[in-house]
file input-v6.cif (mmCIF, C-alpha atoms)
data_target
loop_
_atom_site.label_atom_id
_atom_site.label_comp_id
_atom_site.auth_asym_id
_atom_site.auth_seq_id
_atom_site.Cartn_x
_atom_site.Cartn_y
_atom_site.Cartn_z
CA MET A 234 50.81 -74.80 -17.19
CA LYS A 235 48.58 -75.94 -20.06
CA TRP A 236 48.59 -73.73 -23.18
CA ASN A 237 45.30 -73.23 -24.95
CA ARG A 238 45.20 -73.34 -28.76
CA SER A 239 44.69 -69.56 -29.25
CA LEU A 240 47.66 -68.69 -27.05
CA LEU A 241 49.82 -71.22 -28.86
CA LEU A 242 48.92 -69.74 -32.24
CA LEU A 243 49.67 -66.22 -30.95
CA LEU A 244 53.06 -67.41 -29.75
CA MET A 245 53.75 -68.95 -33.17
CA VAL A 246 52.91 -65.63 -34.87
CA CYS A 247 55.24 -63.73 -32.56
CA VAL A 248 58.09 -66.16 -33.23
CA HIS A 249 57.42 -65.88 -36.98
CA LEU A 250 57.55 -62.06 -36.86
CA HIS A 251 60.98 -62.15 -35.20
CA ALA A 252 62.50 -64.95 -37.29
CA LYS A 253 65.82 -64.24 -38.94
CA GLU A 254 65.51 -63.84 -42.71
CA PHE A 255 67.64 -65.72 -45.22
CA VAL A 256 67.01 -64.03 -48.57
CA LEU A 257 68.08 -66.32 -51.42
CA THR A 258 69.77 -63.62 -53.51
CA LYS A 259 71.74 -62.41 -50.47
CA MET A 260 72.96 -65.96 -49.82
CA GLY A 261 74.54 -66.72 -53.19
CA VAL A 262 71.49 -67.93 -55.13
CA LEU A 263 71.26 -66.40 -58.60
CA ASN A 264 68.14 -64.70 -59.92
CA ASP A 265 68.33 -66.80 -63.08
CA SER A 266 65.30 -68.79 -64.26
CA THR A 267 67.41 -70.96 -66.60
CA LYS A 268 69.91 -72.30 -64.04
CA LEU A 269 69.08 -75.26 -61.80
CA GLN A 270 69.94 -74.16 -58.25
CA THR A 271 68.85 -77.02 -56.02
CA ALA A 272 72.17 -77.29 -54.19
CA ALA A 273 72.46 -73.53 -53.62
CA ILE A 274 68.94 -73.21 -52.23
CA GLN A 275 69.33 -76.31 -50.05
CA LYS A 276 72.55 -74.81 -48.66
CA VAL A 277 70.59 -71.74 -47.53
CA ILE A 278 68.02 -73.98 -45.80
CA ASP A 279 70.79 -75.98 -44.09
CA GLU A 280 72.58 -72.83 -42.93
CA ALA A 281 69.37 -71.41 -41.51
CA ALA A 282 68.74 -74.62 -39.55
CA ALA A 283 72.35 -74.68 -38.30
CA GLU A 284 71.99 -71.13 -37.00
CA GLY A 285 68.92 -72.01 -34.98
CA GLY A 286 66.29 -71.43 -37.63
CA GLY A 287 64.87 -68.68 -39.76
CA GLU A 288 62.70 -67.77 -42.70
CA ILE A 289 63.85 -68.67 -46.21
CA VAL A 290 62.77 -65.73 -48.37
CA VAL A 291 62.24 -66.08 -52.11
CA PRO A 292 62.41 -62.56 -53.58
CA GLU A 293 61.01 -61.41 -56.92
CA GLY A 294 62.30 -63.61 -59.74
CA VAL A 295 62.11 -67.21 -60.92
CA PHE A 296 64.25 -69.80 -59.13
CA LEU A 297 64.54 -73.22 -60.80
CA THR A 298 65.08 -76.15 -58.45
CA GLY A 299 64.61 -79.81 -57.79
CA ALA A 300 63.53 -81.33 -54.46
CA LEU A 301 64.12 -79.16 -51.37
CA PHE A 302 64.11 -80.45 -47.79
CA PHE A 303 63.19 -78.06 -44.99
CA LYS A 304 64.42 -78.58 -41.45
CA SER A 305 63.43 -77.74 -37.88
CA GLY A 306 63.23 -74.05 -37.18
CA THR A 307 62.88 -73.03 -40.82
CA SER A 308 59.93 -71.61 -42.72
CA LEU A 309 59.34 -70.36 -46.27
CA ARG A 310 58.13 -67.02 -47.58
CA VAL A 311 57.65 -66.47 -51.31
CA GLU A 312 57.31 -62.76 -51.95
CA ALA A 313 55.09 -61.18 -54.62
CA GLY A 314 56.68 -61.82 -57.99
CA GLY A 315 58.78 -64.63 -56.56
CA VAL A 316 58.50 -68.10 -58.08
CA ILE A 317 59.87 -71.45 -56.99
CA LYS A 318 59.80 -73.38 -60.26
CA GLY A 319 60.21 -77.14 -60.22
CA SER A 320 62.59 -78.95 -62.49
CA ASP A 321 60.86 -81.11 -65.09
CA HIS A 322 63.53 -83.85 -64.85
CA ILE A 323 62.60 -86.68 -62.50
CA ALA A 324 66.30 -87.21 -61.71
CA ASP A 325 66.15 -83.99 -59.68
CA TYR A 326 63.74 -85.67 -57.23
CA PRO A 327 65.54 -88.46 -55.32
CA LEU A 328 63.86 -91.63 -54.13
CA VAL A 329 63.13 -91.33 -50.41
CA PRO A 330 60.96 -93.08 -47.80
CA SER A 331 57.47 -91.80 -48.46
CA ARG A 332 53.74 -92.47 -48.47
CA MET A 333 51.72 -92.87 -51.66
CA GLU A 334 48.26 -94.22 -52.38
CA GLY A 335 47.75 -95.46 -48.85
CA LYS A 336 51.06 -97.33 -48.58
CA LEU A 337 54.48 -96.67 -47.07
CA LEU A 338 57.09 -97.04 -49.80
CA GLU A 339 60.04 -95.39 -51.48
CA TYR A 340 58.95 -92.75 -53.93
CA TYR A 341 60.24 -89.60 -55.58
CA ALA A 342 60.59 -86.61 -53.28
CA ALA A 343 58.21 -83.70 -53.76
CA LEU A 344 59.37 -80.26 -54.81
CA ILE A 345 58.90 -79.02 -51.21
CA ASN A 346 59.48 -81.64 -48.48
CA VAL A 347 58.89 -81.06 -44.76
CA LYS A 348 59.22 -83.96 -42.30
CA ASP A 349 59.13 -83.88 -38.48
CA VAL A 350 59.07 -80.08 -38.39
CA ASP A 351 56.59 -78.42 -36.02
CA GLY A 352 55.44 -74.84 -36.50
CA PHE A 353 56.42 -74.73 -40.18
CA SER A 354 54.80 -72.12 -42.41
CA ILE A 355 54.62 -71.16 -46.06
CA SER A 356 53.51 -67.58 -46.69
CA GLY A 357 53.77 -64.70 -49.14
CA LYS A 358 52.06 -63.57 -52.32
CA GLY A 359 54.33 -65.54 -54.65
CA THR A 360 54.04 -68.84 -56.51
CA ILE A 361 55.24 -72.42 -56.16
CA ASN A 362 55.02 -73.80 -59.70
CA GLY A 363 55.52 -77.50 -60.32
CA ASN A 364 56.23 -76.98 -64.02
CA GLY A 365 54.40 -80.24 -64.60
CA GLU A 366 53.57 -80.28 -68.31
CA LYS A 367 56.40 -82.66 -69.23
CA PHE A 368 55.28 -85.07 -66.50
CA TRP A 369 51.65 -84.86 -67.66
CA LYS A 370 52.58 -85.68 -71.25
CA TYR A 371 54.70 -88.57 -70.02
CA PHE A 372 51.78 -89.94 -68.00
CA TRP A 373 49.35 -89.91 -70.93
CA GLN A 374 51.92 -91.51 -73.22
CA TYR A 375 52.63 -94.19 -70.61
CA ARG A 376 48.92 -94.88 -70.06
CA ASP A 377 48.05 -95.03 -73.75
CA SER A 378 50.99 -97.31 -74.58
CA LEU A 379 49.94 -99.83 -71.92
CA ARG A 380 46.29 -99.64 -72.93
CA ALA A 381 47.32 -100.50 -76.47
CA LEU A 382 48.88 -103.65 -75.02
CA LYS A 383 45.74 -104.27 -72.90
CA GLN A 384 47.76 -103.84 -69.70
CA PRO A 385 46.80 -101.75 -66.65
CA ALA A 386 48.50 -98.42 -66.08
CA THR A 387 48.95 -97.23 -62.49
CA ASN A 388 49.55 -93.74 -61.16
CA LEU A 389 52.81 -94.82 -59.57
CA GLY A 390 54.04 -96.36 -62.79
CA ALA A 391 54.44 -92.91 -64.34
CA HIS A 392 57.18 -91.31 -62.28
CA ARG A 393 56.17 -87.80 -61.22
CA PRO A 394 56.81 -85.59 -58.19
CA ARG A 395 54.22 -84.06 -55.91
CA LEU A 396 54.38 -80.33 -55.31
CA LEU A 397 54.32 -80.28 -51.46
CA PHE A 398 54.64 -83.17 -49.01
CA PHE A 399 54.41 -82.82 -45.22
CA TRP A 400 55.00 -85.78 -42.89
CA ARG A 401 54.49 -85.69 -39.11
CA CYS A 402 54.24 -81.90 -38.97
CA ASN A 403 52.12 -80.19 -36.31
CA ASN A 404 50.97 -76.55 -36.12
CA LEU A 405 51.40 -76.09 -39.85
CA THR A 406 50.28 -72.95 -41.73
CA LEU A 407 50.02 -72.36 -45.49
CA GLN A 408 48.68 -68.99 -46.54
CA ASP A 409 48.45 -66.55 -49.45
CA VAL A 410 50.67 -68.37 -51.95
CA ARG A 411 49.70 -69.76 -55.35
CA LEU A 412 50.31 -73.47 -55.81
CA CYS A 413 50.10 -74.58 -59.42
CA ASN A 414 51.00 -77.09 -62.11
CA ALA A 415 51.99 -79.99 -59.85
CA GLY A 416 53.47 -83.02 -61.56
CA PHE A 417 51.35 -85.26 -59.32
CA TRP A 418 49.33 -84.44 -56.16
CA THR A 419 49.56 -80.76 -55.26
CA THR A 420 49.53 -80.79 -51.45
CA HIS A 421 49.87 -84.06 -49.51
CA LEU A 422 49.79 -84.10 -45.69
CA TYR A 423 50.50 -87.35 -43.84
CA GLN A 424 50.20 -87.70 -40.05
CA CYS A 425 49.87 -83.94 -39.51
CA ASN A 426 47.81 -82.15 -36.86
CA ASN A 427 46.64 -78.58 -36.28
CA VAL A 428 46.86 -77.30 -39.83
CA VAL A 429 45.63 -74.06 -41.38
CA PHE A 430 45.23 -73.47 -45.14
CA GLN A 431 44.21 -69.88 -45.80
CA ASN A 432 43.88 -67.65 -48.89
CA LEU A 433 45.53 -70.16 -51.19
CA GLU A 434 45.03 -70.50 -54.92
CA ILE A 435 45.54 -74.10 -56.02
CA TYR A 436 45.39 -74.75 -59.73
CA SER A 437 46.18 -77.31 -62.41
CA PRO A 438 44.74 -77.36 -65.94
CA TYR A 439 42.29 -79.54 -67.81
CA LYS A 440 43.62 -78.29 -71.15
CA PRO A 441 45.43 -78.08 -73.47
CA VAL A 442 47.31 -80.87 -71.63
CA PRO A 443 45.24 -82.31 -68.76
CA ALA A 444 47.20 -82.50 -65.49
CA PRO A 445 46.44 -86.03 -64.20
CA SER A 446 46.02 -86.81 -60.49
CA THR A 447 46.83 -83.27 -59.35
CA ASP A 448 44.63 -83.38 -56.22
CA GLY A 449 44.41 -79.99 -54.52
CA ILE A 450 44.68 -80.96 -50.84
CA ASP A 451 45.17 -84.58 -49.71
CA LEU A 452 44.65 -85.23 -45.98
CA ASP A 453 46.15 -88.58 -45.02
CA VAL A 454 45.82 -89.59 -41.32
CA CYS A 455 45.45 -85.95 -40.22
CA SER A 456 43.45 -84.18 -37.50
CA HIS A 457 42.25 -80.64 -36.81
CA VAL A 458 42.56 -79.06 -40.25
CA ARG A 459 41.00 -75.76 -41.33
CA ILE A 460 40.76 -74.79 -45.01
CA SER A 461 39.39 -71.30 -45.50
CA HIS A 462 39.13 -68.63 -48.21
CA CYS A 463 40.89 -70.86 -50.74
CA SER A 464 40.30 -71.18 -54.48
CA ILE A 465 40.82 -74.69 -55.85
CA SER A 466 40.51 -75.96 -59.42
CA VAL A 467 42.44 -79.11 -60.33
CA ASN A 468 42.28 -82.14 -62.60
CA ASP A 469 41.34 -84.56 -59.80
CA ASP A 470 39.82 -84.18 -56.33
CA ALA A 471 39.87 -80.69 -54.82
CA VAL A 472 39.95 -81.83 -51.17
CA CYS A 473 40.51 -85.54 -50.67
CA ILE A 474 40.34 -87.55 -47.46
CA LYS A 475 42.80 -90.44 -47.39
CA GLY A 476 44.14 -92.75 -44.67
CA GLY A 477 45.07 -96.14 -46.11
CA LYS A 478 43.76 -98.91 -48.33
CA GLY A 479 43.75 -102.67 -48.56
CA PRO A 480 41.74 -105.49 -46.95
CA TRP A 481 43.62 -105.20 -43.64
CA ALA A 482 44.20 -101.43 -43.76
CA ASP A 483 42.38 -100.80 -40.46
CA THR A 484 44.87 -103.01 -38.58
CA LEU A 485 48.07 -101.31 -39.77
CA PRO A 486 49.58 -98.65 -37.48
CA GLU A 487 50.63 -96.40 -40.36
CA ASN A 488 46.98 -95.96 -41.39
CA GLY A 489 44.19 -94.23 -39.56
CA ILE A 490 41.52 -91.64 -39.13
CA VAL A 491 41.09 -88.20 -40.66
CA ASP A 492 38.91 -86.07 -38.41
CA HIS A 493 37.99 -82.56 -37.27
CA VAL A 494 38.24 -80.99 -40.73
CA LEU A 495 36.59 -77.64 -41.48
CA ILE A 496 36.30 -76.29 -45.04
CA GLU A 497 34.71 -72.86 -45.22
CA GLN A 498 34.31 -69.83 -47.45
CA CYS A 499 36.15 -71.46 -50.33
CA ARG A 500 35.57 -71.30 -54.07
CA PHE A 501 35.77 -74.51 -56.09
CA GLY A 502 36.19 -74.68 -59.85
CA ASP A 503 36.53 -77.78 -61.99
CA SER A 504 37.67 -80.99 -60.32
CA HIS A 505 36.68 -84.66 -60.09
CA GLY A 506 35.10 -84.12 -56.68
CA VAL A 507 34.87 -81.03 -54.49
CA LEU A 508 35.12 -83.03 -51.26
CA THR A 509 36.04 -86.68 -51.76
CA LEU A 510 36.18 -89.35 -49.09
CA GLY A 511 38.65 -91.16 -51.17
CA SER A 512 39.75 -94.41 -52.63
CA GLU A 513 42.35 -94.61 -49.85
CA ALA A 514 40.19 -93.74 -46.85
CA VAL A 515 39.80 -96.01 -43.81
CA HIS A 516 37.96 -93.71 -41.39
CA ALA A 517 36.68 -90.18 -41.99
CA ARG A 518 34.81 -88.41 -39.19
CA ASP A 519 33.66 -84.94 -38.17
CA ILE A 520 34.14 -83.16 -41.49
CA VAL A 521 32.29 -79.90 -42.20
CA MET A 522 32.09 -77.97 -45.48
CA ARG A 523 30.17 -74.70 -45.25
CA HIS A 524 29.69 -71.27 -46.83
CA CYS A 525 31.29 -72.33 -50.13
CA THR A 526 30.61 -71.71 -53.82
CA VAL A 527 31.01 -74.35 -56.49
CA GLU A 528 31.28 -73.94 -60.26
CA SER A 529 32.12 -77.44 -61.36
CA THR A 530 31.00 -80.50 -63.28
CA ALA A 531 31.93 -82.71 -60.31
CA PRO A 532 29.97 -83.91 -57.26
CA VAL A 533 30.01 -81.66 -54.21
CA LEU A 534 30.48 -84.70 -51.95
CA ARG A 535 31.92 -87.86 -53.50
CA MET A 536 32.20 -91.00 -51.38
CA LYS A 537 34.25 -93.85 -52.81
CA ARG A 538 33.34 -97.21 -51.30
CA ARG A 539 36.25 -99.62 -51.82
CA PRO A 540 35.02 -103.21 -51.49
CA ASP A 541 38.61 -104.31 -50.74
CA THR A 542 39.08 -101.87 -47.80
CA PRO A 543 37.34 -101.58 -44.41
CA GLN A 544 35.80 -98.09 -44.26
CA ILE A 545 33.89 -95.81 -41.91
CA PHE A 546 32.45 -92.50 -43.12
CA GLU A 547 30.53 -90.67 -40.41
CA ASP A 548 29.46 -87.25 -39.19
CA VAL A 549 29.90 -85.27 -42.40
CA LYS A 550 28.06 -81.96 -42.84
CA ILE A 551 27.64 -79.93 -46.04
CA GLU A 552 26.06 -76.55 -45.26
CA ASP A 553 25.33 -73.35 -47.18
CA VAL A 554 26.68 -74.27 -50.61
CA THR A 555 25.66 -72.49 -53.80
CA GLY A 556 26.53 -72.78 -57.48
CA GLN A 557 26.67 -75.54 -60.05
CA ALA A 558 27.87 -79.16 -59.88
CA ARG A 559 27.18 -82.56 -61.37
CA THR A 560 25.48 -83.80 -58.19
CA LEU A 561 25.17 -82.78 -54.60
CA LEU A 562 26.08 -86.34 -53.56
CA THR A 563 27.72 -89.25 -55.32
CA VAL A 564 28.24 -92.53 -53.46
CA MET A 565 30.03 -95.02 -55.68
CA VAL A 566 31.62 -98.45 -55.55
CA TRP A 567 35.26 -97.89 -56.50
CA LYS A 568 37.20 -100.91 -57.81
CA GLN A 569 40.27 -99.28 -59.33
CA PHE A 570 43.23 -101.63 -58.65
CA PHE A 571 40.92 -103.91 -56.64
CA ASP A 572 42.84 -106.48 -54.57
CA MET A 573 41.44 -108.58 -51.71
CA GLU A 574 44.87 -110.18 -51.11
CA ASP A 575 44.31 -113.14 -48.75
CA ARG A 576 41.04 -111.91 -47.27
CA THR A 577 38.06 -114.17 -47.97
CA THR A 578 35.31 -112.24 -46.16
CA PRO A 579 33.81 -108.90 -47.27
CA THR A 580 35.44 -105.80 -45.86
CA PRO A 581 33.06 -103.94 -43.51
CA CYS A 582 31.75 -100.50 -44.36
CA ARG A 583 29.69 -98.14 -42.22
CA ILE A 584 28.31 -94.84 -43.51
CA SER A 585 26.22 -92.75 -41.11
CA ASN A 586 25.16 -89.24 -40.16
CA ILE A 587 25.72 -87.49 -43.49
CA SER A 588 23.79 -84.22 -43.64
CA PHE A 589 23.12 -81.51 -46.22
CA SER A 590 21.43 -78.21 -45.39
CA ASP A 591 20.83 -74.76 -46.88
CA ILE A 592 21.90 -75.72 -50.41
CA GLN A 593 21.02 -73.91 -53.65
CA LEU A 594 22.46 -75.80 -56.59
CA LYS A 595 22.10 -76.36 -60.31
CA CYS A 596 23.10 -79.89 -61.26
CA SER A 597 22.35 -82.94 -63.38
CA GLN A 598 20.61 -84.69 -60.49
CA LEU A 599 20.49 -84.51 -56.72
CA ALA A 600 22.41 -87.73 -56.11
CA GLU A 601 23.99 -90.88 -57.48
CA TYR A 602 24.04 -93.78 -55.07
CA GLU A 603 25.66 -97.23 -55.12
CA VAL A 604 26.88 -99.34 -52.20
CA THR A 605 27.56 -103.06 -51.70
CA SER A 606 25.00 -105.45 -50.26
CA THR A 607 26.90 -105.88 -46.99
CA ASP A 608 27.40 -102.17 -46.24
CA GLU A 609 25.70 -100.60 -43.23
CA VAL A 610 24.27 -97.23 -44.27
CA LYS A 611 21.97 -94.96 -42.27
CA ASN A 612 21.03 -91.41 -41.37
CA PHE A 613 21.40 -89.28 -44.48
CA SER A 614 19.51 -86.02 -44.05
CA PHE A 615 18.60 -83.26 -46.51
CA SER A 616 17.04 -79.99 -45.33
CA HIS A 617 16.28 -76.58 -46.81
CA ILE A 618 17.57 -77.46 -50.25
CA GLY A 619 16.61 -76.11 -53.67
CA ILE A 620 17.88 -77.97 -56.72
CA LEU A 621 17.52 -77.21 -60.41
CA ALA A 622 18.28 -80.49 -62.14
CA ALA A 623 18.07 -82.21 -65.49
CA THR A 624 16.31 -85.09 -63.74
CA ASP A 625 14.26 -84.97 -60.55
CA SER A 626 14.66 -88.67 -59.72
CA ILE A 627 16.35 -89.79 -56.50
CA PRO A 628 17.79 -93.32 -56.17
CA PRO A 629 15.28 -95.41 -54.18
CA ALA A 630 18.04 -96.97 -52.08
CA LEU A 631 19.10 -93.51 -50.94
CA MET A 632 15.49 -92.55 -50.17
CA ARG A 633 15.26 -95.50 -47.79
CA VAL A 634 18.11 -94.25 -45.59
CA SER A 635 17.34 -90.53 -45.79
CA THR A 636 15.06 -87.87 -44.36
CA PHE A 637 13.96 -84.81 -46.36
CA THR A 638 12.84 -81.51 -44.87
CA GLU A 639 11.86 -78.63 -47.16
CA VAL A 640 13.68 -80.07 -50.18
CA ALA A 641 12.57 -79.15 -53.68
CA ILE A 642 13.85 -80.29 -57.08
CA ASN A 643 12.74 -78.05 -59.94
CA GLY A 644 10.25 -76.48 -57.56
CA ILE A 645 8.59 -79.77 -56.60
CA GLY A 646 8.83 -80.77 -52.94
CA ILE A 647 10.37 -84.10 -51.91
CA HIS A 648 8.86 -86.00 -48.99
#
call {"tool": "encode", "arguments": {"input": "input-v6.cif", "output": "C-alpha cells"}}
result
Amino acid sequence: MKWNRSLLLLLMVCVHLHAKEFVLTKMGVLNDSTKLQTAAIQKVIDEAAAEGGGEIVVPEGVFLTGALFFKSGTSLRVEAGGVIKGSDHIADYPLVPSRMEGKLLEYYAALINVKDVDGFSISGKGTINGNGEKFWKYFWQYRDSLRALKQPATNLGAHRPRLLFFWRCNNLTLQDVRLCNAGFWTTHLYQCNNVVFQNLEIYSPYKPVPAPSTDGIDLDVCSHVRISHCSISVNDDAVCIKGGKGPWADTLPENGIVDHVLIEQCRFGDSHGVLTLGSEAVHARDIVMRHCTVESTAPVLRMKRRPDTPQIFEDVKIEDVTGQARTLLTVMVWKQFFDMEDRTTPTPCRISNISFSDIQLKCSQLAEYEVTSTDEVKNFSFSHIGILAATDSIPPALMRVSTFTEVAINGIGIH
C-alpha cells in the first residue's frame, strides 16, 4: 500500500502525541544556568533512544550545554520559558565529519546535531540560544588582524559553531521555537527532504556586535521544503539556497539540486538577502516565495553567479511581496574565494524563468544586474508591480531578457 503525504504527516503527529516524555529536570539535569551540563543532557538523549525513543523536554529555566547529538526515535520540545543556551567555548563542540561552504570536511559540531534521523521534530514556545557574542568578537578580531597583514580571512578560519545542523533527515518539522544568537549559520540542512519550518523566530543582531555569517535557513541539497509564518532577521542571508561549489561541483555526488521550496506568509527584517541563491549553489529549481512582507535594506531576491562554479537557477517565482528593500532583484558576479583549480574553460551558467508578480515595494532601485559574458540568461518576467524608488533606471542588459506587464516605477509605466 502506498502512503500519501497527508496520511504520513497525520501518522507522524499521532506518534508525536503519544511519545514518551523525558523531562530534563526529572532525569538528573540541574536547573542551573551557570553549570555546563552537556554530558547530563546527552545521557537523557541516549537513554531515550535506548528505550525506543521519546521526546526530550526542556522545562522552564536556562540549561547551558555544548554540542548535543540526537538519535533515532527522539525529538525535542522546548517549553515556554525554557532555554537551551550554547557554551561560548569552542572546545565544547568537537570536530566531526560535516559539511561547510559546499564541501565535505571535518568541522565543529553544531549546538543541536541530528544525522540520519527521520521524523525528527523541534517544537515548543521556548528558545535555543547560541550565546554567540564571544564567537562574533573573535571573528572580527581574526578578520581585522589578517587584513592588517594584507592576508585573506575566511569564514572557516574563525572557529565557530552553527546553531542547528541536520544531515540526511527526512520528514523534519521545526515549529514555534525561537532560534537566536548563533555563533555561525543558524539552521543548516544538508541532504534533507520533506521539511516544514513553521512559526519560527530566527534572529541575530547587527549591533552592538554584528553577528557574522548567521544565515537564517540554509538549504543544502534539499527537496520539498515549506517555510511558513516565520520571522527572520539575521546578519547574513535570511533563506539561502546552497548545494556545492567549485569548478567541478556538478560532477561530485555529495553536491546537488535544491528544489520544490515554498516560502510563504513570512516576515523578513534586516539581512544581506531575503532569498539568496547562494555562493555555494549548483542547481536551484522550483522555488516560490509568496505572501510575504519585507522591511530590509537587502535585495528580495539575490542571485550570486560564481564564475568558478557551474550553476543553474530556474523556475523561481516571487509573488505578492510588500514592504521595503534595497532592490527587488540583484544578480551579481560573486568572486569571494575564487578558485578555478585545474579547469581552463569557463564554468557554464543558465538562468531562466524567473518571475515577479503582484509586488508593492519601496526600494533604491528595481534591480541590479551583472552576469558573465558566457552565461545563458532568459525569461525574466515582471507583472503587476508598483515600485517607489530613488532611481527609476533599469539595467539595459536585464531589459533585453525580460518582459514587463503593468509595471510602474514612481508612477511611470515600464514597457
call {"tool": "atom_distance", "arguments": {"input": "input-v6.cif", "atom1": "atom CA of A:Val610", "atom2": "atom CA of A:Ile460"}}
result
27.9 Å
call {"tool": "closest_residue", "arguments": {"input": "input-v6.cif", "among": "A:Gly449, A:Pro327, A:Pro443, A:Pro438", "to": "A:Thr419", "atoms": "only C-alpha atoms"}}
result
A:Gly449
call {"tool": "residues_around", "arguments": {"input": "input-v6.cif", "residues": "A:Val454", "least_positions_apart": "6", "cutoff": "9 Å", "atoms": "all atoms listed in the file", "output": "short mmCIF file (atom, residue, chain, number, x, y, z; two decimals) with C-alpha atoms, in the frame of the given file"}}
result
data_model
loop_
_atom_site.label_atom_id
_atom_site.label_comp_id
_atom_site.auth_asym_id
_atom_site.auth_seq_id
_atom_site.Cartn_x
_atom_site.Cartn_y
_atom_site.Cartn_z
CA LEU A 422 49.79 -84.10 -45.69
CA TYR A 423 50.50 -87.35 -43.84
CA GLN A 424 50.20 -87.70 -40.05
CA CYS A 425 49.87 -83.94 -39.51
CA ASN A 426 47.81 -82.15 -36.86
CA ILE A 474 40.34 -87.55 -47.46
CA LYS A 475 42.80 -90.44 -47.39
CA GLY A 476 44.14 -92.75 -44.67
CA GLY A 477 45.07 -96.14 -46.11
CA GLU A 487 50.63 -96.40 -40.36
CA ASN A 488 46.98 -95.96 -41.39
CA GLY A 489 44.19 -94.23 -39.56
CA ILE A 490 41.52 -91.64 -39.13
CA VAL A 491 41.09 -88.20 -40.66
CA ASP A 492 38.91 -86.07 -38.41
CA ALA A 514 40.19 -93.74 -46.85
CA HIS A 516 37.96 -93.71 -41.39
#
call {"tool": "residues_near_point", "arguments": {"input": "input-v6.cif", "point": "(57.5, -66.4, -50.1)", "cutoff": "7 Å", "atoms": "only C-alpha atoms", "output": "PDB file with C-alpha atoms, in the frame of the given file"}}
result
ATOM      1  CA  VAL A 290      62.770 -65.730 -48.370  1.00  0.00           C
ATOM      2  CA  VAL A 291      62.240 -66.080 -52.110  1.00  0.00           C
ATOM      3  CA  LEU A 309      59.340 -70.360 -46.270  1.00  0.00           C
ATOM      4  CA  ARG A 310      58.130 -67.020 -47.580  1.00  0.00           C
ATOM      5  CA  VAL A 311      57.650 -66.470 -51.310  1.00  0.00           C
ATOM      6  CA  GLU A 312      57.310 -62.760 -51.950  1.00  0.00           C
ATOM      7  CA  GLY A 315      58.780 -64.630 -56.560  1.00  0.00           C
ATOM      8  CA  ILE A 355      54.620 -71.160 -46.060  1.00  0.00           C
ATOM      9  CA  SER A 356      53.510 -67.580 -46.690  1.00  0.00           C
ATOM     10  CA  GLY A 357      53.770 -64.700 -49.140  1.00  0.00           C
ATOM     11  CA  LYS A 358      52.060 -63.570 -52.320  1.00  0.00           C
ATOM     12  CA  GLY A 359      54.330 -65.540 -54.650  1.00  0.00           C
TER      13      GLY A 359
END
call {"tool": "atom_distance", "arguments": {"input": "input-v6.cif", "atom1": "atom CA of A:Leu485", "atom2": "atom CA of A:Glu603"}}
result
27.5 Å
call {"tool": "resolve_selection", "arguments": {"input": "input-v6.cif", "expression": "the PyMOL selection byres ((chain A and resi 544) around 8)", "output": "list in words"}}
result
Ala514, Val515, His516, Arg538, Arg539, Thr542, Pro543, Ile545, Phe546, Thr580, Pro581, Cys582 and Arg583 of chain A
call {"tool": "atom_distance", "arguments": {"input": "input-v6.cif", "atom1": "atom CA of A:Thr267", "atom2": "atom CA of A:Asp325"}}
result
14.8 Å
call {"tool": "resolve_selection", "arguments": {"input": "input-v6.cif", "expression": "the PyMOL selection byres ((chain A and resi 388) around 12)", "output": "list in words"}}
result
Met333, Glu334, Tyr340, Phe368, Trp369, Tyr371, Phe372, Trp373, Tyr375, Arg376, Pro385, Ala386, Thr387, Leu389, Gly390, Ala391, His392, Arg393, Pro394, Arg395, Gly416, Phe417, Trp418, Pro445, Ser446, Thr447, Gln569 and Phe570 of chain A
call {"tool": "residues_near_point", "arguments": {"input": "input-v6.cif", "point": "(57.6, -80.3, -56.8)", "cutoff": "8 Å", "atoms": "all atoms listed in the file", "output": "list of chain:residue names"}}
result
A:Gly299, A:Ala300, A:Gly319, A:Ser320, A:Ala342, A:Ala343, A:Leu344, A:Ile345, A:Asn362, A:Gly363, A:Pro394, A:Arg395, A:Leu396, A:Leu397, A:Ala415, A:Gly416
call {"tool": "closest_residue", "arguments": {"input": "input-v6.cif", "among": "A:Leu433, A:Ile587, A:Lys348, A:Lys336", "to": "A:Gly479", "atoms": "only C-alpha atoms"}}
result
A:Lys336
call {"tool": "closest_residue", "arguments": {"input": "input-v6.cif", "among": "A:Asp448, A:Glu293, A:Glu339, A:Glu288", "to": "A:Ile317", "atoms": "all atoms listed in the file"}}
result
A:Glu293
call {"tool": "resolve_selection", "arguments": {"input": "input-v6.cif", "expression": "the PyMOL selection byres ((chain A and resi 468) around 6)", "output": "list of chain:residue names"}}
result
A:Tyr439, A:Ala444, A:Pro445, A:Thr447, A:Val467, A:Asp469, A:Ser504
call {"tool": "closest_residue", "arguments": {"input": "input-v6.cif", "among": "A:Asp451, A:Asp553, A:Glu254, A:Asp470", "to": "A:Ser590", "atoms": "all atoms listed in the file"}}
result
A:Asp553
